[in-house]
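Here is my_file12.txt, consisting of compact mmCIF, C-alpha atoms:
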# COMPACT_ATOMS: atom_id res chain seq x y z
CA MET A 1 0.00 0.00 0.00
CA ALA A 2 1.56 3.29 -1.12
CA LYS A 3 2.11 5.94 1.54
CA ILE A 4 3.17 9.58 1.59
CA VAL A 5 5.13 10.82 4.60
CA ILE A 6 5.52 14.59 5.07
CA GLN A 7 7.47 15.95 8.03
CA LYS A 8 8.14 19.61 7.22
CA LYS A 9 6.03 22.62 6.37
CA ILE A 10 6.60 24.09 2.93
CA LYS A 11 8.97 27.04 2.61
CA ALA A 12 8.18 30.32 0.83
CA PHE A 13 7.81 29.98 -2.95
CA ASN A 14 7.13 32.04 -6.08
CA LYS A 15 6.11 29.76 -8.95
CA VAL A 16 4.16 29.51 -12.20
CA ILE A 17 2.39 26.20 -12.92
CA ASN A 18 -0.11 24.54 -15.22
CA VAL A 19 -2.50 22.03 -13.65
CA ASP A 20 -3.94 19.01 -15.45
CA GLY A 21 -6.79 19.41 -17.92
CA ASP A 22 -10.32 19.81 -16.57
CA LYS A 23 -11.71 16.36 -15.77
CA SER A 24 -15.35 17.29 -16.36
CA LEU A 25 -14.61 18.68 -19.82
CA SER A 26 -12.26 15.82 -20.66
CA ILE A 27 -14.90 13.16 -20.06
CA ARG A 28 -17.54 15.17 -21.91
CA SER A 29 -15.26 15.71 -24.91
CA LEU A 30 -14.71 11.95 -25.19
CA LEU A 31 -18.38 11.03 -24.78
CA ILE A 32 -19.69 13.69 -27.16
CA GLY A 33 -16.87 12.89 -29.58
CA SER A 34 -18.03 9.26 -29.58
CA GLN A 35 -21.37 10.47 -31.00
CA SER A 36 -19.80 12.68 -33.66
CA TYR A 37 -19.01 11.66 -37.21
CA GLY A 38 -15.33 11.85 -38.16
CA ILE A 39 -12.01 12.35 -36.40
CA CYS A 40 -11.87 14.46 -33.23
CA LYS A 41 -8.57 15.87 -31.99
CA ILE A 42 -8.46 16.59 -28.25
CA ARG A 43 -5.47 18.36 -26.72
CA ASN A 44 -4.33 18.51 -23.09
CA LEU A 45 -6.38 15.45 -22.15
CA PRO A 46 -5.04 14.25 -18.77
CA LYS A 47 -4.12 10.59 -18.48
CA SER A 48 -5.79 10.26 -15.10
CA GLU A 49 -7.41 7.00 -14.06
CA ASP A 50 -10.93 8.40 -14.60
CA ILE A 51 -10.04 9.45 -18.15
CA LEU A 52 -8.39 6.10 -18.91
CA SER A 53 -11.53 4.32 -17.64
CA THR A 54 -13.59 6.46 -20.02
CA ILE A 55 -11.33 5.64 -22.96
CA GLU A 56 -11.34 1.89 -22.21
CA GLY A 57 -15.12 1.90 -21.87
CA LEU A 58 -15.60 3.62 -25.23
CA LYS A 59 -13.16 1.22 -26.89
CA LYS A 60 -15.34 -1.67 -25.69
CA LEU A 61 -18.20 0.00 -27.55
CA GLY A 62 -16.22 0.09 -30.79
CA ILE A 63 -14.78 3.63 -30.66
CA LYS A 64 -11.20 3.91 -31.95
CA ILE A 65 -9.06 6.14 -29.71
CA TYR A 66 -5.30 6.62 -29.58
CA PHE A 67 -2.70 9.18 -28.50
CA LYS A 68 -0.04 10.67 -30.75
CA LYS A 69 2.35 12.94 -28.88
CA LYS A 70 0.03 15.16 -26.78
CA ILE A 71 -3.06 14.81 -28.95
CA CYS A 72 -5.88 12.30 -28.43
CA PHE A 73 -7.44 11.12 -31.71
CA LEU A 74 -11.01 9.80 -31.48
CA TYR A 75 -12.87 8.29 -34.44
CA GLY A 76 -16.60 8.89 -34.04
CA ASN A 77 -19.19 6.78 -35.86
CA GLY A 78 -22.10 9.23 -35.54
CA LEU A 79 -25.14 9.22 -33.26
CA ASN A 80 -25.70 5.83 -31.65
CA GLY A 81 -22.64 4.65 -33.57
CA PHE A 82 -21.51 2.21 -30.89
CA ASN A 83 -20.70 -1.35 -31.96
CA TYR A 84 -23.09 -3.15 -29.65
CA LYS A 85 -22.31 -6.77 -28.83
CA LYS A 86 -23.74 -9.29 -26.42
CA ASN A 87 -22.31 -9.59 -22.91
CA ILE A 88 -20.42 -6.28 -22.81
CA THR A 89 -19.25 -5.25 -19.33
CA ILE A 90 -17.90 -1.74 -18.78
CA ASN A 91 -15.93 -0.90 -15.65
CA ALA A 92 -16.11 2.81 -14.82
CA GLY A 93 -13.52 2.52 -12.06
CA ASN A 94 -13.96 5.45 -9.68
CA SER A 95 -15.54 7.83 -12.20
CA GLY A 96 -19.10 8.83 -11.37
CA THR A 97 -19.08 11.34 -14.22
CA PHE A 98 -18.23 8.71 -16.83
CA ALA A 99 -20.62 6.10 -15.43
CA ARG A 100 -23.61 8.39 -15.12
CA LEU A 101 -23.16 10.22 -18.40
CA LEU A 102 -22.47 7.03 -20.35
CA LEU A 103 -25.85 5.61 -19.35
CA GLY A 104 -27.46 8.49 -21.23
CA LEU A 105 -25.73 7.35 -24.42
CA LEU A 106 -26.70 3.68 -24.04
CA ILE A 107 -30.48 4.06 -24.18
CA LYS A 108 -30.64 2.57 -27.70
CA SER A 109 -28.55 -0.51 -26.91
CA PRO A 110 -30.22 -3.63 -28.39
CA TYR A 111 -28.42 -5.83 -25.84
CA GLU A 112 -28.01 -5.63 -22.11
CA ILE A 113 -24.82 -3.85 -21.09
CA LYS A 114 -23.43 -4.29 -17.60
CA LEU A 115 -21.95 -1.25 -15.87
CA GLU A 116 -19.77 -1.71 -12.79
CA GLY A 117 -17.28 0.32 -10.78
CA ASP A 118 -14.89 0.16 -7.87
CA ARG A 119 -15.95 -0.20 -4.26
CA SER A 120 -16.45 3.52 -3.77
CA LEU A 121 -18.45 4.09 -6.97
CA SER A 122 -20.59 1.03 -6.26
CA LYS A 123 -21.91 2.73 -3.11
CA ARG A 124 -23.08 5.87 -4.91
CA ASP A 125 -26.67 6.58 -5.91
CA PHE A 126 -27.52 5.69 -9.51
CA GLN A 127 -31.29 5.75 -9.12
CA ARG A 128 -31.12 9.51 -9.68
CA ILE A 129 -29.92 8.63 -13.22
CA THR A 130 -31.96 5.51 -13.98
CA ASP A 131 -35.30 7.08 -13.02
CA PRO A 132 -35.30 9.75 -15.78
CA LEU A 133 -33.70 7.37 -18.32
CA LYS A 134 -36.57 4.92 -17.74
CA GLU A 135 -38.92 7.67 -18.88
CA PHE A 136 -37.14 7.69 -22.26
CA GLY A 137 -37.86 3.94 -22.54
CA ALA A 138 -34.69 2.25 -21.25
CA THR A 139 -34.92 -0.58 -18.73
CA PHE A 140 -32.54 -1.42 -15.87
CA LYS A 141 -31.67 -4.37 -13.68
CA SER A 142 -29.84 -4.13 -10.37
CA LYS A 143 -30.01 -5.83 -7.00
CA ASN A 144 -31.27 -2.86 -5.04
CA LYS A 145 -32.33 -0.39 -7.79
CA ARG A 146 -29.82 2.17 -6.54
CA ASN A 147 -26.23 1.00 -6.84
CA LEU A 148 -23.77 -0.57 -9.25
CA PRO A 149 -23.45 -3.06 -10.77
CA LEU A 150 -26.47 -2.60 -13.00
CA LYS A 151 -27.57 -3.62 -16.47
CA ILE A 152 -29.14 -1.32 -19.05
CA LEU A 153 -31.23 -2.37 -22.04
CA GLY A 154 -32.18 0.30 -24.54
CA THR A 155 -35.03 0.59 -27.00
CA GLU A 156 -35.60 1.73 -30.57
CA PHE A 157 -38.80 3.43 -29.46
CA LEU A 158 -37.44 6.36 -27.47
CA ARG A 159 -39.71 9.20 -26.44
CA PRO A 160 -38.72 12.74 -25.37
CA ILE A 161 -39.36 13.68 -21.76
CA LYS A 162 -39.85 16.62 -19.43
CA TYR A 163 -37.45 16.35 -16.52
CA LEU A 164 -37.16 18.30 -13.27
CA GLU A 165 -33.60 18.20 -11.90
CA LYS A 166 -33.80 19.62 -8.37
CA ARG A 167 -30.54 18.46 -6.77
CA GLY A 168 -28.20 20.77 -8.64
CA SER A 169 -26.45 17.71 -10.11
CA ALA A 170 -24.63 18.38 -13.39
CA GLN A 171 -24.22 14.62 -13.84
CA CYS A 172 -27.98 13.98 -13.73
CA LYS A 173 -28.69 16.88 -16.06
CA SER A 174 -25.95 15.90 -18.51
CA SER A 175 -27.01 12.25 -18.67
CA VAL A 176 -30.50 13.34 -19.70
CA ILE A 177 -29.07 15.81 -22.24
CA LEU A 178 -26.96 13.05 -23.83
CA ALA A 179 -29.97 10.72 -23.91
CA ALA A 180 -31.96 13.45 -25.65
CA LEU A 181 -29.39 13.58 -28.48
CA ASN A 182 -30.55 10.13 -29.62
CA THR A 183 -34.26 10.78 -29.02
CA PRO A 184 -36.71 12.14 -31.63
CA GLY A 185 -38.57 15.31 -30.68
CA LYS A 186 -37.82 17.88 -28.00
CA THR A 187 -36.71 17.04 -24.47
CA ILE A 188 -37.20 19.79 -21.88
CA ILE A 189 -35.18 19.96 -18.66
CA ASN A 190 -35.90 22.30 -15.76
CA ALA A 191 -32.61 22.13 -13.88
CA LYS A 192 -31.36 23.67 -10.67
CA LYS A 193 -28.19 25.67 -11.30
CA SER A 194 -25.09 23.48 -11.68
CA ARG A 195 -22.06 23.07 -13.95
CA ASN A 196 -23.05 23.86 -17.52
CA HIS A 197 -20.16 22.32 -19.47
CA THR A 198 -22.40 19.96 -21.48
CA GLU A 199 -24.68 22.77 -22.62
CA LEU A 200 -21.77 25.03 -23.58
CA PHE A 201 -20.05 22.20 -25.46
CA LEU A 202 -23.14 21.45 -27.52
CA LYS A 203 -23.76 25.15 -28.21
CA HIS A 204 -20.15 25.43 -29.42
CA LEU A 205 -20.86 22.55 -31.82
CA LYS A 206 -23.98 24.43 -33.01
CA MET A 207 -26.34 21.69 -31.87
CA PRO A 208 -30.06 22.57 -31.46
CA ILE A 209 -30.00 23.28 -27.74
CA LYS A 210 -31.80 26.25 -26.19
CA ILE A 211 -31.08 27.55 -22.69
CA ILE A 212 -33.35 29.95 -20.81
CA ARG A 213 -31.65 31.17 -17.65
CA LYS A 214 -33.80 31.90 -14.61
CA LYS A 215 -32.60 33.03 -11.18
CA LYS A 216 -32.41 29.56 -9.61
CA TYR A 217 -33.14 27.23 -12.52
CA ASP A 218 -32.22 26.83 -16.17
CA ILE A 219 -34.74 25.63 -18.73
CA ILE A 220 -32.95 23.53 -21.35
CA GLU A 221 -34.55 22.35 -24.59
CA ILE A 222 -32.82 19.79 -26.82
CA SER A 223 -34.03 18.63 -30.21
CA GLY A 224 -32.76 15.11 -30.87
CA GLU A 225 -31.47 13.05 -33.79
CA ASN A 226 -29.21 15.75 -35.24
CA GLN A 227 -25.77 14.61 -36.35
CA ILE A 228 -22.70 15.99 -34.56
CA LYS A 229 -19.70 17.04 -36.62
CA SER A 230 -16.21 16.02 -35.51
CA PHE A 231 -14.27 18.72 -33.68
CA ASN A 232 -10.90 19.92 -32.40
CA TYR A 233 -10.83 20.78 -28.71
CA GLU A 234 -8.26 21.91 -26.15
CA ILE A 235 -8.94 21.11 -22.50
CA PRO A 236 -8.26 24.04 -20.11
CA GLY A 237 -6.79 23.57 -16.63
CA ASP A 238 -9.07 22.20 -13.92
CA ILE A 239 -10.33 24.77 -11.38
CA SER A 240 -10.93 22.00 -8.82
CA SER A 241 -7.30 20.88 -9.11
CA SER A 242 -6.19 24.51 -8.95
CA ALA A 243 -8.02 24.93 -5.62
CA PHE A 244 -5.48 22.77 -3.78
CA PHE A 245 -2.59 24.99 -4.89
CA ILE A 246 -4.51 28.21 -4.29
CA THR A 247 -5.14 27.05 -0.71
CA LEU A 248 -1.51 26.01 -0.27
CA THR A 249 -0.36 29.48 -1.35
CA LEU A 250 -2.84 31.38 0.81
CA LEU A 251 -1.83 29.47 3.94
CA SER A 252 1.94 29.53 3.29
CA LYS A 253 4.21 32.38 4.32
CA ASN A 254 5.53 34.97 1.83
CA SER A 255 4.46 32.97 -1.23
CA LYS A 256 3.12 33.72 -4.70
CA LEU A 257 1.64 31.51 -7.39
CA LYS A 258 0.30 31.87 -10.91
CA ILE A 259 -1.79 29.06 -12.41
CA LYS A 260 -1.99 29.44 -16.18
CA ASN A 261 -4.87 28.63 -18.54
CA ALA A 262 -7.41 27.61 -15.90
CA ASN A 263 -11.11 27.13 -16.58
CA ILE A 264 -13.10 29.86 -14.78
CA ASN A 265 -16.57 28.86 -16.02
CA GLN A 266 -19.08 30.81 -13.90
CA SER A 267 -20.73 27.57 -12.81
CA ARG A 268 -17.38 26.51 -11.29
CA THR A 269 -16.10 29.67 -9.59
CA GLY A 270 -18.04 29.43 -6.34
CA PHE A 271 -14.71 28.55 -4.70
CA ILE A 272 -13.10 31.83 -5.85
CA LYS A 273 -16.11 33.84 -4.66
CA ILE A 274 -16.15 32.16 -1.25
CA ILE A 275 -12.45 32.57 -0.51
CA ASN A 276 -12.43 36.18 -1.72
CA MET A 277 -15.22 36.82 0.80
CA MET A 278 -12.79 35.42 3.36
CA GLY A 279 -10.16 37.98 2.34
CA ALA A 280 -8.13 35.87 -0.09
CA ASN A 281 -7.87 38.47 -2.88
CA VAL A 282 -7.37 35.96 -5.70
CA LYS A 283 -7.04 37.73 -9.04
CA LEU A 284 -8.01 36.48 -12.49
CA THR A 285 -5.89 37.88 -15.33
CA ASN A 286 -5.57 37.31 -19.08
CA LYS A 287 -9.27 36.41 -19.35
CA ARG A 288 -10.43 34.93 -22.63
CA ASN A 289 -13.04 32.69 -24.24
CA LEU A 290 -12.28 29.26 -25.70
CA TYR A 291 -15.03 27.05 -27.17
CA GLY A 292 -17.61 28.85 -25.05
CA GLU A 293 -15.65 28.32 -21.82
CA GLN A 294 -13.99 31.17 -19.90
CA LEU A 295 -10.25 30.86 -19.24
CA ALA A 296 -7.84 32.94 -17.16
CA ASP A 297 -4.56 32.91 -15.28
CA ILE A 298 -5.12 32.69 -11.52
CA CYS A 299 -2.79 34.85 -9.40
CA VAL A 300 -2.65 34.35 -5.64
CA ASN A 301 -0.50 35.63 -2.75
CA SER A 302 -0.16 34.49 0.85
CA GLN A 303 -2.85 35.85 3.14
CA LYS A 304 -2.18 36.36 6.85
CA ASN A 305 -5.59 37.61 7.95
CA LEU A 306 -8.36 35.39 6.65
CA LYS A 307 -11.89 36.11 7.84
CA SER A 308 -14.55 33.65 8.91
CA ILE A 309 -17.60 33.24 6.69
CA ASN A 310 -21.27 32.37 6.94
CA CYS A 311 -21.15 30.69 3.55
CA PRO A 312 -24.11 31.52 1.26
CA VAL A 313 -25.81 28.26 0.24
CA GLU A 314 -26.25 29.49 -3.32
CA PHE A 315 -22.51 28.89 -3.81
CA ASN A 316 -22.70 25.24 -2.75
CA SER A 317 -23.24 23.58 -6.12
CA ASN A 318 -20.57 25.79 -7.74
CA ALA A 319 -17.97 24.81 -5.14
CA ILE A 320 -19.00 21.28 -4.15
CA ASP A 321 -15.60 19.74 -5.01
CA GLU A 322 -13.63 22.50 -3.31
CA PHE A 323 -15.20 22.55 0.17
CA LEU A 324 -12.51 20.29 1.59
CA VAL A 325 -9.86 22.99 1.11
CA ILE A 326 -12.29 25.77 2.03
CA PHE A 327 -12.55 24.02 5.40
CA LEU A 328 -8.75 24.25 5.75
CA LEU A 329 -8.93 27.99 5.11
CA ALA A 330 -11.71 28.31 7.68
CA ALA A 331 -9.52 26.47 10.21
CA LYS A 332 -6.96 29.30 9.94
CA ALA A 333 -9.50 32.14 9.71
CA LYS A 334 -10.39 34.42 12.61
CA GLY A 335 -13.82 33.58 13.99
CA ILE A 336 -16.46 30.91 13.42
CA SER A 337 -17.27 29.83 9.86
CA SER A 338 -20.62 28.20 9.09
CA PHE A 339 -21.54 25.97 6.13
CA ARG A 340 -25.04 24.60 5.53
CA LYS A 341 -26.94 22.28 3.16
CA LEU A 342 -23.89 20.22 2.26
CA GLU A 343 -25.59 16.80 2.33
CA GLU A 344 -24.37 16.20 -1.22
CA LEU A 345 -20.77 16.12 0.09
CA ASN A 346 -21.52 12.82 1.82
CA LYS A 347 -22.75 11.34 -1.48
CA LYS A 348 -19.46 11.76 -3.32
CA GLU A 349 -16.61 9.22 -3.57
CA SER A 350 -16.70 9.08 0.23
CA PRO A 351 -18.69 10.70 3.05
CA ARG A 352 -16.50 13.77 2.60
CA LEU A 353 -18.13 16.01 5.17
CA LYS A 354 -17.64 13.38 7.88
CA LEU A 355 -14.06 12.57 6.85
CA ALA A 356 -13.07 16.24 6.56
CA SER A 357 -14.39 16.86 10.07
CA LYS A 358 -12.25 13.98 11.39
CA ILE A 359 -9.13 15.49 9.81
CA LEU A 360 -9.92 18.89 11.31
CA LYS A 361 -10.32 17.30 14.74
CA LYS A 362 -7.00 15.46 14.35
CA ILE A 363 -5.17 18.75 13.87
CA GLY A 364 -6.87 20.40 16.84
CA VAL A 365 -9.67 22.37 15.22
CA LYS A 366 -12.90 22.72 17.16
CA ILE A 367 -15.94 21.92 15.00
CA LYS A 368 -19.66 21.36 15.34
CA LEU A 369 -20.94 18.83 12.80
CA GLY A 370 -24.54 18.35 11.66
CA SER A 371 -26.00 15.95 9.11
CA GLY A 372 -25.35 18.44 6.32
CA SER A 373 -23.69 21.33 8.10
CA ILE A 374 -20.46 22.21 9.84
CA LYS A 375 -19.23 25.05 12.03
CA ILE A 376 -15.48 25.57 12.15
CA PHE A 377 -13.92 27.55 14.99
CA GLY A 378 -10.91 29.11 13.31
CA ASN A 379 -7.51 29.56 14.93
CA PRO A 380 -5.07 31.82 13.01
CA LYS A 381 -2.21 30.57 15.22
CA LEU A 382 -2.88 26.89 14.58
CA ILE A 383 0.30 24.77 14.44
CA VAL A 384 0.49 20.97 14.55
CA ASN A 385 3.32 19.30 16.49
CA LYS A 386 2.34 15.64 16.50
CA ASN A 387 2.00 12.55 14.31
CA ILE A 388 -1.07 12.45 12.09
CA PHE A 389 -2.21 9.27 10.36
CA ILE A 390 -4.74 9.43 7.51
CA ASN A 391 -6.22 6.10 6.47
CA ASN A 392 -9.56 4.36 5.91
CA TYR A 393 -10.88 7.18 3.73
CA TYR A 394 -12.31 5.07 0.87
CA LYS A 395 -9.30 5.95 -1.33
CA ASP A 396 -10.98 9.30 -2.07
CA HIS A 397 -8.55 11.33 -4.19
CA ARG A 398 -9.71 14.68 -2.81
CA ILE A 399 -9.40 13.58 0.82
CA CYS A 400 -5.84 12.43 0.05
CA MET A 401 -4.91 15.78 -1.54
CA MET A 402 -6.60 17.73 1.26
CA ALA A 403 -4.40 15.87 3.74
CA VAL A 404 -1.25 16.66 1.75
CA ILE A 405 -2.08 20.39 1.72
CA ALA A 406 -2.90 20.34 5.45
CA SER A 407 0.43 18.70 6.26
CA LEU A 408 2.37 21.36 4.34
CA VAL A 409 0.71 24.36 5.97
CA PHE A 410 -0.01 23.19 9.55
CA GLY A 411 3.09 21.11 10.28
CA GLY A 412 3.52 17.83 12.14
CA LYS A 413 4.52 14.45 10.77
CA TRP A 414 1.84 13.11 8.44
CA THR A 415 1.50 9.58 7.08
CA ILE A 416 -1.14 9.31 4.35
CA SER A 417 -2.10 5.84 3.14
CA ASP A 418 -3.52 4.82 -0.26
CA ALA A 419 -1.34 7.56 -1.71
CA ASN A 420 -1.84 6.64 -5.36
CA CYS A 421 -5.55 7.47 -5.32
CA TYR A 422 -4.86 11.09 -6.35
CA LYS A 423 -4.10 9.73 -9.83
CA SER A 424 -7.79 9.13 -10.46
CA SER A 425 -8.25 12.86 -11.12
CA PHE A 426 -4.94 14.72 -10.88
CA PRO A 427 -1.93 12.60 -11.95
CA SER A 428 0.57 15.48 -11.83
CA PHE A 429 -0.39 16.51 -8.26
CA LEU A 430 2.73 15.23 -6.47
CA ARG A 431 5.01 16.35 -9.31
CA LEU A 432 3.69 19.90 -8.95
CA ILE A 433 3.90 19.73 -5.16
CA LYS A 434 7.57 18.79 -5.54
CA LYS A 435 8.13 21.58 -8.09
CA ILE A 436 6.78 24.14 -5.63
CA GLY A 437 9.20 22.93 -2.96
CA CYS A 438 7.70 20.13 -0.89
CA ASN A 439 9.96 17.38 0.44
CA TYR A 440 8.15 14.12 1.05
CA LYS A 441 8.85 10.42 1.29
CA TYR A 442 6.87 8.15 -0.97
CA SER A 443 6.72 4.38 -0.58
CA LYS A 444 4.88 1.88 -2.76

What does this structure look like when you write it as structure tokens?
Amino acid sequence: MAKIVIQKKIKAFNKVINVDGDKSLSIRSLLIGSQSYGICKIRNLPKSEDILSTIEGLKKLGIKIYFKKKICFLYGNGLNGFNYKKNITINAGNSGTFARLLLGLLIKSPYEIKLEGDRSLSKRDFQRITDPLKEFGATFKSKNKRNLPLKILGTEFLRPIKYLEKRGSAQCKSSVILAALNTPGKTIINAKKSRNHTELFLKHLKMPIKIIRKKKYDIIEISGENQIKSFNYEIPGDISSSAFFITLTLLSKNSKLKIKNANINQSRTGFIKIINMMGANVKLTNKRNLYGEQLADICVNSQKNLKSINCPVEFNSNAIDEFLVIFLLAAKAKGISSFRKLEELNKKESPRLKLASKILKKIGVKIKLGSGSIKIFGNPKLIVNKNIFINNYYKDHRICMMAVIASLVFGGKWTISDANCYKSSFPSFLRLIKKIGCNYKYSK
């Protein structure tokens, strides 16, 4: 079992880095490319475990994909162009995004296809996906109707649906959007605000998708059975991956960092808004538009005097993957920070809210934990002078990276088990940590 051992806080640094390509956009580019007709060229596609699971799954469905230098070439066969065979089993690994979105593309399968995942993914809720896909006409088999493994059988007689997405789940919304691509007629989705990468991607490809933006919901209309042309696409840097290094910089002494070419899509910048409310003063420079997505360089300096926050719940869905490091910032802030309506955090790769609270307690932070809420009693003078062991965390990549950042800014001797799990989303994480100046011991 691989372990990371960190014994020293990080020293002052002034660096410029590029983080790995955005995972959400990477998986969407592969899935949408699989429905296009022709050769797609995708640049800056990270070779993380989640992306490799996506590629292997699509290859099982007859999609030709290979890398040449830093470009991924994907040969699409058009809408519903999968090569369906009997007894196909697809393993999504740890990727909820791939597993849930893929189901939307399989609703015309003439044979049962089995979808499975690792231990963590197999505990996550898939009924939120299968329920709307059943309305299109697909059928499902699973032991408890909620978890993987499951089997999907499609139909030739698809019907458009009206769907209310009220969780703020981009995965649920996107799965229905992808199902609508293969469905005759107009599918209408009334969706609580969440990441809008799928909609922007399809608009960039000039697909017949209409978006009416309301204050709390978006109304999305998709007309199906329109062919998708092949495309060239460059994946920007991942804002969720950037959040770990932004937090590291803010909590380190006399340090500066620039992260180049990061995705600052407005549905993903809740993290930036929250930490700026805490006094972070993160600046976005060199702003530009690429394929409908907003990009920028992120510039951040150390911050000695962070403020506590009563976090507005409207930012929750736009920062759901970044709350683990927001909690670290709150631990160093002056005053009591409050976070509410975070039940969705416990439905990720692990019960993240519970595990994050355990880590905070280990380092001496006073907290008050509710079923979907947490209060963090900040201590600007917090220093750790003891051994900290992080294990039994479901191999959750974000918990692992949270622990690494905490070790570098709070001190102490940290031993973090299951160290390779960060590769599922951010394979260059430790390389960049080393580039910035961290000394660690790594054992396989």

All residues 10 Å or closer to stretch 178-191 of chain A, only C-alpha atoms, same chain fewer than 5 positions away omitted, as a PyMOL selection string = chain A and resi 28+31-32+35+79-80+101-108+132-133+136+156-170+172-173+198+202+207-214+216-228

Residues within 9 Å of (1.1, 19.6, 6.9), counting all atoms listed in the file, listed as a PyMOL selection string = chain A and resi 6-10+384+403-414

Go ahead and save the residues from that selection, with C-alpha atoms, as an mmCIF file, in the frame of the given file.
data_model
loop_
_atom_site.group_PDB
_atom_site.id
_atom_site.type_symbol
_atom_site.label_atom_id
_atom_site.label_comp_id
_atom_site.auth_asym_id
_atom_site.auth_seq_id
_atom_site.Cartn_x
_atom_site.Cartn_y
_atom_site.Cartn_z
ATOM 1 C CA ILE A 6 5.520 14.590 5.070
ATOM 2 C CA GLN A 7 7.470 15.950 8.030
ATOM 3 C CA LYS A 8 8.140 19.610 7.220
ATOM 4 C CA LYS A 9 6.030 22.620 6.370
ATOM 5 C CA ILE A 10 6.600 24.090 2.930
ATOM 6 C CA VAL A 384 0.490 20.970 14.550
ATOM 7 C CA ALA A 403 -4.400 15.870 3.740
ATOM 8 C CA VAL A 404 -1.250 16.660 1.750
ATOM 9 C CA ILE A 405 -2.080 20.390 1.720
ATOM 10 C CA ALA A 406 -2.900 20.340 5.450
ATOM 11 C CA SER A 407 0.430 18.700 6.260
ATOM 12 C CA LEU A 408 2.370 21.360 4.340
ATOM 13 C CA VAL A 409 0.710 24.360 5.970
ATOM 14 C CA PHE A 410 -0.010 23.190 9.550
ATOM 15 C CA GLY A 411 3.090 21.110 10.280
ATOM 16 C CA GLY A 412 3.520 17.830 12.140
ATOM 17 C CA LYS A 413 4.520 14.450 10.770
ATOM 18 C CA TRP A 414 1.840 13.110 8.440
#

For atom CA of A:Phe315 and atom CA of A:Asn254, determine how far apart the two atoms are, in Å to one decimal place.
-> 29.2 Å

Quick one: residues within 7 Å of A:Leu284, all atoms listed in the file counted, chain neighbours fewer than 6 positions away excluded, as a count of residues only?
-> 4

Which centre and edge lengths in Å to one decimal define the box along x, y and z that fits every listed atom of stretch 370-374 of chain A plus 8 Å per side, as lines of an AutoDock Vina configuration file?
center_x = -23.2
center_y = 19.1
center_z = 9.0
size_x = 21.5
size_y = 22.3
size_z = 21.3

Close residues, A:Pro351 itself excluded, 10 Å, only C-alpha atoms, min 6 positions apart in chain, as a PyMOL selection string | chain A and resi 343-345+393-394+396+399

Could you tell me which of A:Lys273, A:Asn94, A:Met402, A:Lys143 comes closest to A:Ser122 if we count all atoms listed in the file?
->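 Under the stated criterion, the closest residue is A:Asn94.
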
Spatial neighbours of A:Asn346, 10 Å, only C-alpha atoms, chain gap at least 6 places, as a PyMOL selection string | chain A and resi 124+352-355+371-372

Of the listed residues A:Gly117, A:Asn18, A:Asn77, A:Thr247, that which approaches A:Thr54 most closely, counting all atoms listed in the file |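 Of the candidates, the smallest distance to A:Thr54 is held by A:Gly117.
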
For atom CA of A:Tyr233 and atom CA of A:Asn263, the interatomic separation in Å (one decimal) |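 Answer for the atom CA of A:Tyr233 to atom CA of A:Asn263 separation: 13.7 Å.
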
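Compared by their closest atoms to A:Asn379, and using all atoms listed in the file, the residues A:Ile272, A:Arg340, A:Lys332, A:Arg100 rank with A:Lys332 nearest.
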
Would you mind telling me which residue in A:His204, A:Lys15, A:Lys86, A:Lys434 lies nearest to A:Asn301 when using only C-alpha atoms?
-> A:Lys15

Taking only C-alpha atoms into account, which of A:Asn91, A:Ser29, A:Asn83, A:Gln294 comes nearest A:Gly57?
-> A:Asn91

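Considering all atoms listed in the file, the residue among A:Glu116, A:Asp321, A:Glu234, A:Glu314 positioned nearest to A:Asn289 is A:Glu234.
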
Might you pull out every residue within 10 Å of A:Phe231, with only C-alpha atoms counted and same-chain residues fewer than 4 positions away left off, and present them as a VMD selection string?
-> chain A and resid 29 32 to 33 36 to 42 74 204 to 205

Distance in Å - atom CA of A:Ala262 versus atom CA of A:Leu295 |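 A separation of 5.5 Å between them.
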
May I have the protein, DNA and RNA residues with an atom at most 10 Å from (-23.8, -8.0, -27.0), counting all atoms listed in the file in the file's coordinates, returned as a list in words?
-> Leu61, Asn83, Tyr84, Lys85, Lys86, Asn87, Ile88, Thr89, Ser109, Pro110, Tyr111, Glu112 and Ile113 of chain A

From the structure block, carefully write stretch 121-134 of chain A out with C-alpha atoms; format it as a PDB file, in the first residue's frame.
ATOM      1  CA  LEU A 121     -18.453   4.091  -6.975  1.00  0.00           C
ATOM      2  CA  SER A 122     -20.589   1.029  -6.261  1.00  0.00           C
ATOM      3  CA  LYS A 123     -21.909   2.733  -3.115  1.00  0.00           C
ATOM      4  CA  ARG A 124     -23.078   5.869  -4.910  1.00  0.00           C
ATOM      5  CA  ASP A 125     -26.673   6.582  -5.906  1.00  0.00           C
ATOM      6  CA  PHE A 126     -27.524   5.692  -9.508  1.00  0.00           C
ATOM      7  CA  GLN A 127     -31.291   5.751  -9.120  1.00  0.00           C
ATOM      8  CA  ARG A 128     -31.120   9.505  -9.679  1.00  0.00           C
ATOM      9  CA  ILE A 129     -29.916   8.626 -13.217  1.00  0.00           C
ATOM     10  CA  THR A 130     -31.956   5.510 -13.982  1.00  0.00           C
ATOM     11  CA  ASP A 131     -35.301   7.083 -13.022  1.00  0.00           C
ATOM     12  CA  PRO A 132     -35.302   9.748 -15.779  1.00  0.00           C
ATOM     13  CA  LEU A 133     -33.702   7.370 -18.325  1.00  0.00           C
ATOM     14  CA  LYS A 134     -36.569   4.920 -17.738  1.00  0.00           C
TER      15      LYS A 134
END
